[in-house]
>>> print(open('entry34.txt').read())   # compact mmCIF, C-alpha atoms
# COMPACT_ATOMS: atom_id res chain seq x y z
CA MET F 1 99.08 115.64 103.38
CA LEU F 2 101.13 117.15 100.58
CA TYR F 3 103.82 114.70 99.49
CA GLU F 4 107.25 116.06 98.69
CA ALA F 5 109.15 113.06 97.29
CA ALA F 6 108.97 109.38 96.42
CA VAL F 7 111.56 106.67 96.93
CA LEU F 8 111.50 103.38 95.05
CA GLY F 9 113.39 100.13 95.52
CA VAL F 10 113.59 97.36 92.94
CA SER F 11 115.87 94.44 92.20
CA ALA F 12 115.41 91.30 90.08
CA GLY F 13 112.90 92.04 87.32
CA GLY F 14 113.44 95.76 87.78
CA LEU F 15 114.20 96.70 84.20
CA ARG F 16 110.82 95.47 83.02
CA ALA F 17 109.09 97.17 85.96
CA LEU F 18 110.80 100.52 85.39
CA LYS F 19 110.08 100.31 81.64
CA ILE F 20 106.38 100.15 82.51
CA LEU F 21 106.35 102.65 85.36
CA LEU F 22 108.51 105.60 84.31
CA PRO F 23 107.23 106.08 80.71
CA ALA F 24 103.67 106.16 82.07
CA LEU F 25 104.33 109.18 84.30
CA PRO F 26 103.33 112.56 82.80
CA PRO F 27 105.85 115.42 82.42
CA SER F 28 103.86 117.31 85.06
CA PHE F 29 104.45 114.67 87.74
CA PRO F 30 105.00 116.85 90.83
CA LEU F 31 107.54 114.82 92.82
CA PRO F 32 111.17 113.81 92.54
CA ILE F 33 111.58 110.02 92.55
CA ILE F 34 114.81 108.53 93.91
CA ILE F 35 115.34 104.95 92.73
CA VAL F 36 117.64 102.16 93.81
CA GLN F 37 117.79 99.39 91.21
CA HIS F 38 120.26 96.66 92.13
CA ILE F 39 122.81 96.42 89.32
CA GLY F 40 126.47 95.46 89.14
CA GLU F 41 128.94 97.99 90.51
CA ARG F 42 130.81 98.09 87.20
CA SER F 43 127.69 98.87 85.18
CA GLY F 44 127.65 102.12 83.25
CA ASN F 45 124.86 104.67 83.04
CA TYR F 46 123.08 102.87 80.19
CA LEU F 47 119.99 102.28 82.35
CA SER F 48 119.35 105.95 83.08
CA GLU F 49 119.98 106.88 79.43
CA PHE F 50 117.64 104.16 78.16
CA LEU F 51 114.85 105.07 80.59
CA ASP F 52 115.24 108.80 79.93
CA HIS F 53 114.85 108.21 76.21
CA ALA F 54 111.69 106.16 76.84
CA SER F 55 110.09 108.47 79.43
CA ARG F 56 108.32 111.83 79.48
CA ILE F 57 109.82 112.78 82.84
CA PHE F 58 113.56 113.44 83.13
CA VAL F 59 115.50 110.32 84.15
CA LYS F 60 119.13 110.66 85.18
CA GLU F 61 121.85 109.13 87.30
CA ALA F 62 121.98 110.76 90.74
CA GLU F 63 124.94 113.04 91.47
CA ASP F 64 126.49 114.02 94.79
CA LYS F 65 125.13 117.32 96.22
CA GLU F 66 122.42 117.47 93.54
CA VAL F 67 119.23 119.34 94.47
CA LEU F 68 116.10 117.23 94.02
CA SER F 69 113.63 118.58 91.44
CA PRO F 70 109.99 117.67 90.72
CA GLY F 71 109.29 115.53 87.69
CA THR F 72 112.73 113.93 87.75
CA ALA F 73 113.71 110.33 88.46
CA TYR F 74 117.16 109.88 90.00
CA LEU F 75 118.77 106.45 89.65
CA ALA F 76 121.36 105.49 92.25
CA PRO F 77 124.72 105.14 90.49
CA PRO F 78 126.36 101.70 90.61
CA GLY F 79 128.76 101.25 93.50
CA TYR F 80 127.41 104.07 95.67
CA HIS F 81 124.85 104.26 98.43
CA THR F 82 122.42 107.07 97.66
CA LEU F 83 121.02 109.13 100.54
CA VAL F 84 118.85 112.21 100.99
CA GLU F 85 120.24 115.06 103.11
CA GLN F 86 118.26 117.47 105.29
CA ASN F 87 118.62 120.23 102.67
CA ARG F 88 116.86 118.02 100.09
CA THR F 89 120.03 117.17 98.18
CA ILE F 90 121.50 113.82 97.21
CA SER F 91 124.53 112.40 98.96
CA LEU F 92 126.61 109.52 97.59
CA SER F 93 128.58 107.20 99.86
CA VAL F 94 131.02 104.32 99.45
CA ASP F 95 130.32 102.95 102.93
CA PRO F 96 130.25 99.14 103.23
CA ARG F 97 127.55 97.14 101.51
CA VAL F 98 124.19 96.75 103.24
CA ASN F 99 122.15 93.65 102.43
CA PHE F 100 125.08 92.66 100.17
CA SER F 101 124.37 95.72 98.03
CA ARG F 102 125.79 99.15 97.28
CA SER F 103 123.47 100.88 96.47
CA ALA F 104 121.19 99.50 99.17
CA ILE F 105 117.50 100.25 99.21
CA ASP F 106 117.39 100.37 103.01
CA VAL F 107 120.07 103.09 103.12
CA LEU F 108 118.06 105.34 100.78
CA PHE F 109 114.74 104.66 102.50
CA GLU F 110 116.04 105.27 106.02
CA SER F 111 117.70 108.58 105.10
CA ALA F 112 114.61 109.78 103.24
CA ALA F 113 112.37 108.81 106.16
CA VAL F 114 114.32 111.12 108.47
CA VAL F 115 114.18 114.03 106.01
CA TYR F 116 110.61 113.80 104.74
CA GLY F 117 108.67 111.94 107.43
CA GLN F 118 104.99 111.76 106.57
CA SER F 119 105.44 113.68 103.31
CA LEU F 120 107.27 110.72 101.70
CA ILE F 121 105.89 108.03 99.37
CA ASP F 122 107.70 104.69 99.52
CA ILE F 123 107.46 102.05 96.80
CA ILE F 124 108.79 98.47 96.82
CA LEU F 125 108.68 96.54 93.56
CA THR F 126 109.92 93.19 92.31
CA GLY F 127 113.08 91.67 93.78
CA ALA F 128 114.67 88.46 94.99
CA ASN F 129 116.04 89.61 98.37
CA ARG F 130 114.98 91.42 101.57
CA ASP F 131 116.52 94.83 100.87
CA GLY F 132 114.04 97.63 101.53
CA ALA F 133 111.93 95.88 104.16
CA HIS F 134 113.64 97.60 107.10
CA GLY F 135 113.57 100.97 105.34
CA LEU F 136 109.89 100.63 104.52
CA LYS F 137 109.22 99.93 108.19
CA ALA F 138 111.11 103.11 109.11
CA ILE F 139 109.07 105.16 106.64
CA ASN F 140 105.83 103.65 107.92
CA ALA F 141 106.81 104.50 111.50
CA ARG F 142 107.24 108.16 110.52
CA GLY F 143 103.86 108.31 108.80
CA GLY F 144 104.96 108.07 105.18
CA LEU F 145 102.74 106.46 102.54
CA THR F 146 103.81 102.88 101.75
CA ILE F 147 103.10 101.03 98.51
CA VAL F 148 104.19 97.47 97.71
CA GLN F 149 103.79 95.58 94.44
CA SER F 150 101.62 92.52 94.93
CA PRO F 151 103.97 89.51 95.10
CA GLN F 152 101.77 87.61 92.66
CA SER F 153 102.30 90.27 89.98
CA ALA F 154 106.05 90.64 90.60
CA GLU F 155 108.61 88.93 88.40
CA ALA F 156 110.43 88.09 91.65
CA GLY F 157 108.10 88.14 94.65
CA HIS F 158 110.53 87.73 97.55
CA MET F 159 111.23 91.44 98.10
CA PRO F 160 107.55 92.45 98.15
CA LYS F 161 106.82 89.53 100.49
CA ALA F 162 109.63 90.60 102.84
CA ALA F 163 108.29 94.16 102.86
CA LEU F 164 104.76 92.97 103.65
CA ALA F 165 106.07 90.76 106.45
CA ALA F 166 107.99 93.67 108.00
CA THR F 167 105.09 96.06 108.58
CA SER F 168 101.60 97.05 107.54
CA VAL F 169 101.38 98.98 104.26
CA ASP F 170 98.89 101.41 102.79
CA HIS F 171 98.54 99.90 99.31
CA ILE F 172 99.30 96.57 97.64
CA VAL F 173 98.95 96.92 93.87
CA GLY F 174 99.83 95.33 90.57
CA LEU F 175 102.37 97.17 88.46
CA GLU F 176 99.72 98.45 86.06
CA GLN F 177 97.76 100.03 88.93
CA LEU F 178 100.77 101.86 90.39
CA VAL F 179 100.80 104.93 88.13
CA PRO F 180 97.04 105.59 88.42
CA LEU F 181 97.43 105.32 92.20
CA LEU F 182 100.37 107.75 92.27
CA LEU F 183 98.57 110.23 90.06
CA SER F 184 95.39 110.07 92.15
CA ILE F 185 97.38 110.67 95.34
CA THR F 186 99.47 113.55 94.02
CA THR F 187 96.61 115.17 92.09
CA ALA F 188 94.32 115.08 95.12
CA ARG F 189 97.00 116.63 97.33
CA ALA F 190 97.76 119.35 94.77
CA GLU F 191 94.06 120.22 94.52
CA ASP F 192 93.83 120.38 98.33
CA ARG F 193 96.76 122.80 98.39
CA ARG F 194 95.20 125.05 95.74
CA ALA F 195 91.92 125.08 97.67
CA GLU F 196 93.74 126.04 100.88
CA GLY F 197 95.39 128.95 99.07
CA ARG F 198 92.12 130.49 97.95
>>> encode(input="entry34.txt", output="structure tokens")
Amino acid sequence: MLYEAAVLGVSAGGLRALKILLPALPPSFPLPIIIVQHIGERSGNYLSEFLDHASRIFVKEAEDKEVLSPGTAYLAPPGYHTLVEQNRTISLSVDPRVNFSRSAIDVLFESAAVVYGQSLIDIILTGANRDGAHGLKAINARGGLTIVQSPQSAEAGHMPKAALAATSVDHIVGLEQLVPLLLSITTARAEDRRAEGR
């Protein structure tokens, strides 16, 4: 399976987690990553600017109608649900909060599951609520690859625990093992594709 995109949900403890994850990804990382980090709706874009400065991939705040590009991390803007459309563009919505949040992880995950199906990688990291568990289940049902941070290694373990209780997952890893896992998955799939083209 050649993966086309990754979605990531994170809440309490997310800044530390993203500071470890995103700077460790190489500039050649072949997928777009769409991220929901729960932050206040009046927050500015400081998080995307900070992470972009610290990372080798491009990190930016997601924009409505934006085409998803490999090697770019898109952070959901505060106060908007972030969805993926069938044409592989981002859509922003001010629909009511889901799981007390806007952006909601479930909203992103469920939309991406419909678009990408089994070519999607789903990641749940640290958090103190249940957001993302339903979306992860939807991705798993469509054959996507599911990865959850081990609750013991999470700064706030409730969100990983809720995800693990919702459905079976493919990988449970500590934060430090996540990037090597992602690189092994995407590198192996890229090599398979090159071999098929020979």
>>> closest_atom_pairs(input="entry34.txt", of="region 34-110 of chain F", to="region 121-138 of chain F", cutoff="8 Å", atoms="all atoms listed in the file", output="tab-separated table")
residue	atom	partner	partner_atom	distance
F:Asn99	CA	F:Asp131	CA	6.0
F:Ala104	CA	F:Asp131	CA	6.8
F:Ile105	CA	F:Gly132	CA	4.9
F:Asp106	CA	F:Gly135	CA	4.5
F:Val107	CA	F:Gly135	CA	7.2
F:Leu108	CA	F:Gly135	CA	7.7
F:Phe109	CA	F:Gly135	CA	4.8
F:Glu110	CA	F:Gly135	CA	5.0
>>> atom_distance(input="entry34.txt", atom1="CA of Ala166 (chain F)", atom2="CA of Ile147 (chain F)")
13.0 Å
>>> residues_around(input="entry34.txt", residues="Ala54 (chain F)", least_positions_apart="5", cutoff="12 Å", atoms="only C-alpha atoms", output="MDAnalysis selection string")
chainID F and resid 18:25 47:49 59
>>> closest_residue(input="entry34.txt", among="F:Ser103, F:Ser69, F:Gln149, F:Ser168", to="His81 (chain F)", atoms="all atoms listed in the file")
F:Ser103
>>> residues_around(input="entry34.txt", residues="region 171-176 of chain F", least_positions_apart="3", cutoff="9 Å", atoms="all atoms listed in the file", output="mmCIF file with C-alpha atoms, in the frame of the given file")
data_model
loop_
_atom_site.group_PDB
_atom_site.id
_atom_site.type_symbol
_atom_site.label_atom_id
_atom_site.label_comp_id
_atom_site.auth_asym_id
_atom_site.auth_seq_id
_atom_site.Cartn_x
_atom_site.Cartn_y
_atom_site.Cartn_z
ATOM 1 C CA ALA F 17 109.090 97.170 85.960
ATOM 2 C CA ILE F 20 106.380 100.150 82.510
ATOM 3 C CA LEU F 21 106.350 102.650 85.360
ATOM 4 C CA LEU F 125 108.680 96.540 93.560
ATOM 5 C CA LEU F 145 102.740 106.460 102.540
ATOM 6 C CA THR F 146 103.810 102.880 101.750
ATOM 7 C CA ILE F 147 103.100 101.030 98.510
ATOM 8 C CA VAL F 148 104.190 97.470 97.710
ATOM 9 C CA GLN F 149 103.790 95.580 94.440
ATOM 10 C CA SER F 150 101.620 92.520 94.930
ATOM 11 C CA PRO F 151 103.970 89.510 95.100
ATOM 12 C CA GLN F 152 101.770 87.610 92.660
ATOM 13 C CA SER F 153 102.300 90.270 89.980
ATOM 14 C CA ALA F 154 106.050 90.640 90.600
ATOM 15 C CA LEU F 164 104.760 92.970 103.650
ATOM 16 C CA VAL F 179 100.800 104.930 88.130
ATOM 17 C CA PRO F 180 97.040 105.590 88.420
ATOM 18 C CA LEU F 181 97.430 105.320 92.200
#
>>> residues_around(input="entry34.txt", residues="Thr82 (chain F)", least_positions_apart="5", cutoff="10 Å", atoms="all atoms listed in the file", output="list in words")
Ile34, Ile35, Val36, Ala62, Glu63, Asp64, Tyr74, Leu75, Ala76, Pro77, Ile90, Ser91, Leu92, Ser93, Val94, Arg102, Ser103, Ala104, Ile105, Asp106, Val107, Leu108, Phe109, Ser111 and Ala112 of chain F
>>> atom_distance(input="entry34.txt", atom1="CA of Pro96 (chain F)", atom2="CA of Leu83 (chain F)")
13.9 Å
>>> atom_distance(input="entry34.txt", atom1="CA of Ala5 (chain F)", atom2="CA of Leu120 (chain F)")
5.3 Å
>>> residues_around(input="entry34.txt", residues="Thr72 (chain F)", least_positions_apart="6", cutoff="10 Å", atoms="only C-alpha atoms", output="list in words")
Leu22, Pro27, Ser28, Phe29, Pro30, Leu31, Pro32, Ile33, Ile34, Asp52, Arg56, Ile57, Phe58, Val59 and Lys60 of chain F
>>> closest_residue(input="entry34.txt", among="F:Gly143, F:Pro70, F:Gly9, F:Gly79", to="Ala113 (chain F)", atoms="all atoms listed in the file")
F:Gly143
